[in-house]
>>> print(open('run-v5.pdb').read())   # PDB, C-alpha atoms and all ligand atoms
ATOM      1  CA  MET A 295       0.000   0.000   0.000  1.00  0.00           C
ATOM      2  CA  ASN A 296       1.160   3.494  -0.791  1.00  0.00           C
ATOM      3  CA  VAL A 297       0.973   4.986   2.691  1.00  0.00           C
ATOM      4  CA  LEU A 298       0.752   8.560   1.485  1.00  0.00           C
ATOM      5  CA  ASN A 299      -1.825   7.835  -1.160  1.00  0.00           C
ATOM      6  CA  PRO A 300      -4.073   5.013  -0.006  1.00  0.00           C
ATOM      7  CA  LYS A 301      -6.678   5.923  -2.585  1.00  0.00           C
ATOM      8  CA  ALA A 302      -4.335   4.706  -5.273  1.00  0.00           C
ATOM      9  CA  SER A 303      -3.703   1.341  -3.691  1.00  0.00           C
ATOM     10  CA  CYS A 304      -6.295   0.358  -1.077  1.00  0.00           C
ATOM     11  CA  PRO A 305      -7.993  -2.768  -2.446  1.00  0.00           C
ATOM     12  CA  TYR A 306     -11.237  -1.997  -0.645  1.00  0.00           C
ATOM     13  CA  SER A 307     -13.975   0.451  -1.428  1.00  0.00           C
ATOM     14  CA  ARG A 308     -14.894   3.062   1.128  1.00  0.00           C
ATOM     15  CA  ASP A 309     -18.259   3.693  -0.536  1.00  0.00           C
ATOM     16  CA  GLY A 310     -21.206   1.383  -0.067  1.00  0.00           C
ATOM     17  CA  ALA A 311     -21.145  -2.317   0.609  1.00  0.00           C
ATOM     18  CA  GLN A 312     -19.506  -3.481  -2.599  1.00  0.00           C
ATOM     19  CA  ASN A 313     -16.025  -4.808  -2.156  1.00  0.00           C
ATOM     20  CA  SER A 314     -16.138  -3.934   1.525  1.00  0.00           C
ATOM     21  CA  PRO A 315     -13.307  -4.897   3.805  1.00  0.00           C
ATOM     22  CA  PRO A 316     -13.682  -8.285   5.435  1.00  0.00           C
ATOM     23  CA  PRO A 317     -16.052  -8.102   8.393  1.00  0.00           C
ATOM     24  CA  HIS A 318     -14.378  -6.984  11.543  1.00  0.00           C
ATOM     25  CA  VAL A 319     -15.643  -8.884  14.480  1.00  0.00           C
ATOM     26  CA  ALA A 320     -18.365  -8.959  16.836  1.00  0.00           C
ATOM     27  CA  GLY A 321     -20.090  -8.712  20.010  1.00  0.00           C
ATOM     28  CA  GLY A 322     -20.997  -5.526  21.724  1.00  0.00           C
ATOM     29  CA  GLN A 323     -18.817  -3.060  23.494  1.00  0.00           C
ATOM     30  CA  ASN A 324     -15.428  -4.752  23.419  1.00  0.00           C
ATOM     31  CA  VAL A 325     -13.741  -6.158  20.376  1.00  0.00           C
ATOM     32  CA  SER A 326     -10.146  -7.221  19.807  1.00  0.00           C
ATOM     33  CA  PHE A 327      -8.104  -7.755  16.693  1.00  0.00           C
ATOM     34  CA  THR A 328      -4.601  -8.835  15.804  1.00  0.00           C
ATOM     35  CA  THR A 329      -3.111  -7.244  12.734  1.00  0.00           C
ATOM     36  CA  ASP A 330      -0.011  -8.444  10.933  1.00  0.00           C
ATOM     37  CA  SER A 331       0.863  -5.456   8.798  1.00  0.00           C
ATOM     38  CA  TYR A 332       0.368  -1.762   8.207  1.00  0.00           C
ATOM     39  CA  GLU A 333      -2.236  -2.637   5.567  1.00  0.00           C
ATOM     40  CA  GLU A 334      -4.299  -4.769   7.944  1.00  0.00           C
ATOM     41  CA  THR A 335      -4.356  -2.009  10.533  1.00  0.00           C
ATOM     42  CA  PHE A 336      -5.305   0.528   7.868  1.00  0.00           C
ATOM     43  CA  VAL A 337      -8.192  -1.686   6.747  1.00  0.00           C
ATOM     44  CA  LEU A 338      -9.370  -2.095  10.349  1.00  0.00           C
ATOM     45  CA  GLY A 339      -9.405   1.717  10.517  1.00  0.00           C
ATOM     46  CA  LEU A 340     -11.424   1.749   7.310  1.00  0.00           C
ATOM     47  CA  SER A 341     -14.009  -0.576   8.907  1.00  0.00           C
ATOM     48  CA  LEU A 342     -14.136   1.497  12.073  1.00  0.00           C
ATOM     49  CA  GLY A 343     -14.392   4.727  10.089  1.00  0.00           C
ATOM     50  CA  LYS A 344     -17.424   3.442   8.250  1.00  0.00           C
ATOM     51  CA  THR A 345     -19.276   3.167  11.571  1.00  0.00           C
ATOM     52  CA  LEU A 346     -18.562   6.739  12.682  1.00  0.00           C
ATOM     53  CA  LYS A 347     -21.026   9.574  12.517  1.00  0.00           C
ATOM     54  CA  LYS A 348     -20.719  13.335  12.970  1.00  0.00           C
ATOM     55  CA  GLY A 349     -19.781  14.044  16.568  1.00  0.00           C
ATOM     56  CA  GLY A 350     -17.892  10.767  16.872  1.00  0.00           C
ATOM     57  CA  VAL A 351     -14.683  10.761  18.904  1.00  0.00           C
ATOM     58  CA  VAL A 352     -11.988   8.078  18.740  1.00  0.00           C
ATOM     59  CA  ALA A 353      -9.433   8.045  21.579  1.00  0.00           C
ATOM     60  CA  LEU A 354      -6.252   6.141  20.702  1.00  0.00           C
ATOM     61  CA  GLU A 355      -3.603   4.876  23.091  1.00  0.00           C
ATOM     62  CA  GLY A 356      -0.431   2.937  22.425  1.00  0.00           C
ATOM     63  CA  PRO A 357       3.334   3.518  22.355  1.00  0.00           C
ATOM     64  CA  LEU A 358       5.247   5.338  19.658  1.00  0.00           C
ATOM     65  CA  GLY A 359       5.097   3.308  16.460  1.00  0.00           C
ATOM     66  CA  ALA A 360       2.083   1.276  17.610  1.00  0.00           C
ATOM     67  CA  GLY A 361       0.022   2.202  14.557  1.00  0.00           C
ATOM     68  CA  LYS A 362      -2.245   4.958  15.866  1.00  0.00           C
ATOM     69  CA  THR A 363      -1.661   7.190  12.846  1.00  0.00           C
ATOM     70  CA  CYS A 364      -1.991   4.175  10.546  1.00  0.00           C
ATOM     71  CA  LEU A 365      -5.422   3.382  12.009  1.00  0.00           C
ATOM     72  CA  CYS A 366      -6.372   7.074  11.784  1.00  0.00           C
ATOM     73  CA  SER A 367      -5.425   7.052   8.070  1.00  0.00           C
ATOM     74  CA  GLY A 368      -7.859   4.194   7.490  1.00  0.00           C
ATOM     75  CA  ILE A 369     -10.580   6.023   9.407  1.00  0.00           C
ATOM     76  CA  CYS A 370      -9.941   9.207   7.415  1.00  0.00           C
ATOM     77  CA  TYR A 371     -10.031   7.269   4.159  1.00  0.00           C
ATOM     78  CA  ALA A 372     -13.449   5.873   5.106  1.00  0.00           C
ATOM     79  CA  LEU A 373     -14.660   9.391   5.850  1.00  0.00           C
ATOM     80  CA  GLY A 374     -13.735  10.670   2.401  1.00  0.00           C
ATOM     81  CA  VAL A 375     -10.399  12.322   3.147  1.00  0.00           C
ATOM     82  CA  ASP A 376      -8.163  12.161   0.084  1.00  0.00           C
ATOM     83  CA  GLU A 377      -5.034  13.838   1.326  1.00  0.00           C
ATOM     84  CA  PRO A 378      -2.267  11.952   3.114  1.00  0.00           C
ATOM     85  CA  VAL A 379      -2.762  11.641   6.872  1.00  0.00           C
ATOM     86  CA  THR A 380       0.368  12.267   8.883  1.00  0.00           C
ATOM     87  CA  SER A 381       1.096  12.607  12.576  1.00  0.00           C
ATOM     88  CA  PRO A 382       0.083  16.071  13.777  1.00  0.00           C
ATOM     89  CA  THR A 383       2.905  16.048  16.310  1.00  0.00           C
ATOM     90  CA  TYR A 384       4.107  19.606  15.830  1.00  0.00           C
ATOM     91  CA  THR A 385       0.852  21.294  14.937  1.00  0.00           C
ATOM     92  CA  ILE A 386      -1.155  19.312  17.538  1.00  0.00           C
ATOM     93  CA  ILE A 387      -4.338  19.467  15.433  1.00  0.00           C
ATOM     94  CA  HIS A 388      -4.821  18.742  11.747  1.00  0.00           C
ATOM     95  CA  GLU A 389      -8.164  19.367  10.126  1.00  0.00           C
ATOM     96  CA  TYR A 390      -9.043  17.324   7.056  1.00  0.00           C
ATOM     97  CA  GLU A 391     -11.977  17.789   4.715  1.00  0.00           C
ATOM     98  CA  GLY A 392     -13.854  14.588   4.205  1.00  0.00           C
ATOM     99  CA  ARG A 393     -17.615  14.206   3.960  1.00  0.00           C
ATOM    100  CA  PHE A 394     -17.445  16.413   7.044  1.00  0.00           C
ATOM    101  CA  PRO A 395     -14.503  17.821   8.957  1.00  0.00           C
ATOM    102  CA  VAL A 396     -12.127  15.288  10.475  1.00  0.00           C
ATOM    103  CA  TYR A 397      -9.954  16.634  13.297  1.00  0.00           C
ATOM    104  CA  HIS A 398      -6.797  14.670  14.065  1.00  0.00           C
ATOM    105  CA  ILE A 399      -5.113  15.537  17.346  1.00  0.00           C
ATOM    106  CA  ASP A 400      -1.758  14.444  18.739  1.00  0.00           C
ATOM    107  CA  ALA A 401      -1.995  15.044  22.484  1.00  0.00           C
ATOM    108  CA  TYR A 402       1.554  13.847  23.217  1.00  0.00           C
ATOM    109  CA  ARG A 403       2.749  17.333  24.087  1.00  0.00           C
ATOM    110  CA  LEU A 404      -0.356  18.389  25.987  1.00  0.00           C
ATOM    111  CA  SER A 405      -0.246  18.312  29.748  1.00  0.00           C
ATOM    112  CA  GLY A 406      -3.926  18.327  30.599  1.00  0.00           C
ATOM    113  CA  PRO A 407      -7.372  19.820  30.019  1.00  0.00           C
ATOM    114  CA  GLU A 408      -6.262  23.474  29.954  1.00  0.00           C
ATOM    115  CA  ASP A 409      -3.557  22.800  27.440  1.00  0.00           C
ATOM    116  CA  PHE A 410      -6.026  20.804  25.366  1.00  0.00           C
ATOM    117  CA  GLU A 411      -8.515  23.659  25.404  1.00  0.00           C
ATOM    118  CA  GLY A 412      -5.806  26.190  24.522  1.00  0.00           C
ATOM    119  CA  ALA A 413      -4.805  24.138  21.496  1.00  0.00           C
ATOM    120  CA  GLY A 414      -8.361  24.163  20.152  1.00  0.00           C
ATOM    121  CA  GLY A 415      -9.270  20.693  21.367  1.00  0.00           C
ATOM    122  CA  VAL A 416     -12.775  21.599  22.458  1.00  0.00           C
ATOM    123  CA  GLU A 417     -13.647  23.061  19.050  1.00  0.00           C
ATOM    124  CA  ALA A 418     -12.297  19.896  17.477  1.00  0.00           C
ATOM    125  CA  LEU A 419     -14.381  17.648  19.721  1.00  0.00           C
ATOM    126  CA  TYR A 420     -17.594  19.554  19.153  1.00  0.00           C
ATOM    127  CA  GLY A 421     -16.927  20.994  15.702  1.00  0.00           C
ATOM    128  CA  GLY A 422     -19.560  19.004  13.857  1.00  0.00           C
ATOM    129  CA  GLY A 423     -17.211  16.391  12.522  1.00  0.00           C
ATOM    130  CA  VAL A 424     -15.270  13.390  13.738  1.00  0.00           C
ATOM    131  CA  CYS A 425     -12.367  13.844  16.129  1.00  0.00           C
ATOM    132  CA  LEU A 426      -9.438  11.414  16.387  1.00  0.00           C
ATOM    133  CA  VAL A 427      -7.147  11.799  19.398  1.00  0.00           C
ATOM    134  CA  GLU A 428      -3.729  10.096  19.589  1.00  0.00           C
ATOM    135  CA  TRP A 429      -2.141   9.840  23.069  1.00  0.00           C
ATOM    136  CA  ALA A 430      -5.664  10.196  24.439  1.00  0.00           C
ATOM    137  CA  GLU A 431      -4.525   9.214  27.936  1.00  0.00           C
ATOM    138  CA  ARG A 432      -2.935  12.682  28.220  1.00  0.00           C
ATOM    139  CA  VAL A 433      -6.307  14.397  27.898  1.00  0.00           C
ATOM    140  CA  SER A 434      -8.746  11.736  29.059  1.00  0.00           C
ATOM    141  CA  ALA A 435     -10.557  14.158  31.389  1.00  0.00           C
ATOM    142  CA  SER A 436     -11.557  16.271  28.372  1.00  0.00           C
ATOM    143  CA  LEU A 437     -13.028  13.476  26.285  1.00  0.00           C
ATOM    144  CA  PRO A 438     -16.756  12.746  26.147  1.00  0.00           C
ATOM    145  CA  PRO A 439     -18.120   9.498  27.622  1.00  0.00           C
ATOM    146  CA  SER A 440     -19.307   8.506  24.166  1.00  0.00           C
ATOM    147  CA  ALA A 441     -15.720   8.260  22.857  1.00  0.00           C
ATOM    148  CA  VAL A 442     -14.654   4.990  21.265  1.00  0.00           C
ATOM    149  CA  HIS A 443     -11.418   3.837  22.883  1.00  0.00           C
ATOM    150  CA  VAL A 444      -8.710   2.095  20.874  1.00  0.00           C
ATOM    151  CA  LYS A 445      -5.705   0.580  22.638  1.00  0.00           C
ATOM    152  CA  ILE A 446      -2.862  -0.751  20.524  1.00  0.00           C
ATOM    153  CA  ALA A 447      -0.070  -2.934  21.860  1.00  0.00           C
ATOM    154  CA  ILE A 448       2.979  -4.068  19.911  1.00  0.00           C
ATOM    155  CA  SER A 449       3.447  -7.819  20.233  1.00  0.00           C
ATOM    156  CA  ASP A 450       5.823  -9.669  17.922  1.00  0.00           C
ATOM    157  CA  ALA A 451       7.553  -7.698  15.197  1.00  0.00           C
ATOM    158  CA  GLY A 452       4.882  -6.524  12.832  1.00  0.00           C
ATOM    159  CA  LYS A 453       1.997  -7.711  15.002  1.00  0.00           C
ATOM    160  CA  ARG A 454      -0.365  -5.407  16.810  1.00  0.00           C
ATOM    161  CA  GLU A 455      -3.029  -6.280  19.381  1.00  0.00           C
ATOM    162  CA  ILE A 456      -5.842  -3.797  18.971  1.00  0.00           C
ATOM    163  CA  HIS A 457      -8.614  -3.540  21.526  1.00  0.00           C
ATOM    164  CA  ILE A 458     -11.620  -1.376  20.755  1.00  0.00           C
ATOM    165  CA  SER A 459     -14.259  -0.476  23.312  1.00  0.00           C
ATOM    166  CA  GLY A 460     -17.378   1.636  23.082  1.00  0.00           C
ATOM    167  CA  SER A 461     -20.277   1.571  20.758  1.00  0.00           C
ATOM    168  CA  THR A 462     -18.772   1.143  17.334  1.00  0.00           C
ATOM    169  CA  GLY A 463     -21.242  -1.010  15.485  1.00  0.00           C
ATOM    170  CA  LEU A 464     -18.357  -3.216  14.374  1.00  0.00           C
ATOM    171  CA  ARG A 465     -19.885  -6.628  13.882  1.00  0.00           C
ATOM    172  CA  THR A 466     -19.788  -9.840  11.953  1.00  0.00           C
ATOM    173  CA  GLU A 467     -21.917 -10.413   8.896  1.00  0.00           C
ATOM    174  CA  ASN A 468     -24.470 -12.582  10.694  1.00  0.00           C
TER     175      ASN A 468
HETATM  176  N1  LIG A 501       0.543  -4.501  12.257  1.00  0.00           N
HETATM  177  C1  LIG A 501       0.951  -3.216  12.044  1.00  0.00           C
HETATM  178  N2  LIG A 501       0.043  -2.211  12.056  1.00  0.00           N
HETATM  179  C2  LIG A 501       0.426  -0.919  11.883  1.00  0.00           C
HETATM  180  N3  LIG A 501       1.700  -0.514  11.710  1.00  0.00           N
HETATM  181  C3  LIG A 501       2.643  -1.465  11.677  1.00  0.00           C
HETATM  182  C4  LIG A 501       2.317  -2.848  11.847  1.00  0.00           C
HETATM  183  N4  LIG A 501       3.465  -3.551  11.803  1.00  0.00           N
HETATM  184  C5  LIG A 501       4.454  -2.676  11.606  1.00  0.00           C
HETATM  185  N5  LIG A 501       3.976  -1.410  11.523  1.00  0.00           N
HETATM  186  C6  LIG A 501       4.795  -0.191  11.364  1.00  0.00           C
HETATM  187  O1  LIG A 501       4.682   0.548  12.575  1.00  0.00           O
HETATM  188  C7  LIG A 501       4.660   1.940  12.304  1.00  0.00           C
HETATM  189  C8  LIG A 501       3.377   2.564  12.865  1.00  0.00           C
HETATM  190  O2  LIG A 501       3.498   3.947  12.743  1.00  0.00           O
HETATM  191  P1  LIG A 501       2.387   4.983  13.183  1.00  0.00           P
HETATM  192  O3  LIG A 501       1.060   4.583  12.663  1.00  0.00           O
HETATM  193  O4  LIG A 501       2.893   6.333  12.795  1.00  0.00           O
HETATM  194  O5  LIG A 501       2.423   4.789  14.771  1.00  0.00           O
HETATM  195  P2  LIG A 501       1.982   5.788  15.937  1.00  0.00           P
HETATM  196  O6  LIG A 501       1.072   6.824  15.359  1.00  0.00           O
HETATM  197  O7  LIG A 501       1.281   4.887  16.942  1.00  0.00           O
HETATM  198  O8  LIG A 501       3.242   6.354  16.514  1.00  0.00           O
HETATM  199  C9  LIG A 501       4.772   2.099  10.801  1.00  0.00           C
HETATM  200  O9  LIG A 501       6.121   2.320  10.501  1.00  0.00           O
HETATM  201  C10 LIG A 501       4.313   0.752  10.269  1.00  0.00           C
HETATM  202  O10 LIG A 501       4.876   0.416   9.037  1.00  0.00           O
HETATM  203 MG    MG A 502       1.109   8.977  15.460  1.00  0.00          MG
END
>>> encode(input="run-v5.pdb", output="structure tokens")
Amino acid sequence: MNVLNPKASCPYSRDGAQNSPPPHVAGGQNVSFTTDSYEETFVLGLSLGKTLKKGGVVALEGPLGAGKTCLCSGICYALGVDEPVTSPTYTIIHEYEGRFPVYHIDAYRLSGPEDFEGAGGVEALYGGGVCLVEWAERVSASLPPSAVHVKIAISDAGKREIHISGSTGLRTEN
């Protein structure tokens, strides 16, 4: 996959049911996945992104290099963003134009709720779009209870354990 231009190489459609990604699991509020590659994590993000609506917030946790930005790229792709999604480490917030605004926050450098507010975090959370927050543990007090939580752990080289909790609508086909 061309990381900076997924549109050119993602084998799955982001529109409608045709050629959808394989179904991503099941069962209520807590779902877990193991991915084996950047592409698999991207496609999981694509599935998750398809379930999000305006006002949705995704809070991502996991160490540097876990795949948070990779998952966010898949989510953004599902939401109609065509430009490359990169880590907003220095700017703190990126805003992308998809079907509606997608705000992508890197909270690594934020020390708490006041810092988050000062950086424009509140506008991003309630700005009528979807808000994706990397290093969400740094600003957890500012996030709404409705947020979907994604925790990524690095297991063997190339493998990621991804635990998603909250109401996502991710489910199996049956
Ligand atoms: N299963 C996997 N899922 C996602 N990324 C992976 C995986 N295996 C290896 N990688 C690599 O890990 C890195 C993840 O980077 P990135 O998404 O920027 O992480 P983060 O935003 O959590 O710091 C990329 O270099 C990617 O190629
Ligand atoms: Mg990142």
>>> residues_near_ligand(input="run-v5.pdb", ligand="ligand LIG 501 (chain A)", cutoff="8 Å", atoms="all atoms listed in the file", output="list of chain:residue names")
A:Thr328, A:Thr329, A:Asp330, A:Ser331, A:Tyr332, A:Glu333, A:Glu334, A:Thr335, A:Phe336, A:Glu355, A:Gly356, A:Pro357, A:Leu358, A:Gly359, A:Ala360, A:Gly361, A:Lys362, A:Thr363, A:Cys364, A:Leu365, A:Cys366, A:Thr380, A:Ser381, A:Glu428, A:Ile446, A:Ala451, A:Gly452, A:Lys453, A:Arg454
>>> resolve_selection(input="run-v5.pdb", expression="the PyMOL selection byres (((chain A and resi 384) around 12) and not hetatm)", output="list of chain:residue names")
A:Thr380, A:Ser381, A:Pro382, A:Thr383, A:Thr385, A:Ile386, A:Ile387, A:His388, A:Ile399, A:Asp400, A:Ala401, A:Tyr402, A:Arg403, A:Leu404, A:Ala413
>>> write_last_selection(input="run-v5.pdb", atoms="C-alpha atoms", output="compact mmCIF listing (two decimals), in the coordinates of the input")
# COMPACT_ATOMS: atom_id res chain seq x y z
CA THR A 380 0.37 12.27 8.88
CA SER A 381 1.10 12.61 12.58
CA PRO A 382 0.08 16.07 13.78
CA THR A 383 2.90 16.05 16.31
CA THR A 385 0.85 21.29 14.94
CA ILE A 386 -1.16 19.31 17.54
CA ILE A 387 -4.34 19.47 15.43
CA HIS A 388 -4.82 18.74 11.75
CA ILE A 399 -5.11 15.54 17.35
CA ASP A 400 -1.76 14.44 18.74
CA ALA A 401 -2.00 15.04 22.48
CA TYR A 402 1.55 13.85 23.22
CA ARG A 403 2.75 17.33 24.09
CA LEU A 404 -0.36 18.39 25.99
CA ALA A 413 -4.80 24.14 21.50
>>> atom_distance(input="run-v5.pdb", atom1="atom CA of A:Val444", atom2="atom CA of A:Ala353")
6.0 Å
>>> closest_residue(input="run-v5.pdb", among="A:His443, A:Leu342, A:Val396, A:Ala430", to="ligand MG 502 (chain A)", atoms="all atoms listed in the file")
A:Ala430
>>> closest_residue(input="run-v5.pdb", among="A:Gly374, A:Gly392, A:Gly406, A:Gly414", to="A:Asp309", atoms="only C-alpha atoms")
A:Gly374
>>> closest_residue(input="run-v5.pdb", among="A:Lys348, A:Arg308, A:Arg393, A:His398", to="ligand MG 502 (chain A)", atoms="all atoms listed in the file")
A:His398
>>> atom_distance(input="run-v5.pdb", atom1="atom CA of A:Thr462", atom2="atom CA of A:Thr345")
6.1 Å
>>> closest_residue(input="run-v5.pdb", among="A:Val379, A:Gly412, A:Glu431, A:Cys425", to="ligand MG 502 (chain A)", atoms="all atoms listed in the file")
A:Val379
>>> resolve_selection(input="run-v5.pdb", expression="the PyMOL selection byres (((chain A and resi 456) around 6) and not hetatm)", output="ChimeraX atom specification")
/A:326-327,445-446,455,457
>>> atom_distance(input="run-v5.pdb", atom1="atom CA of A:Ile369", atom2="atom CA of A:Asp409")
25.6 Å
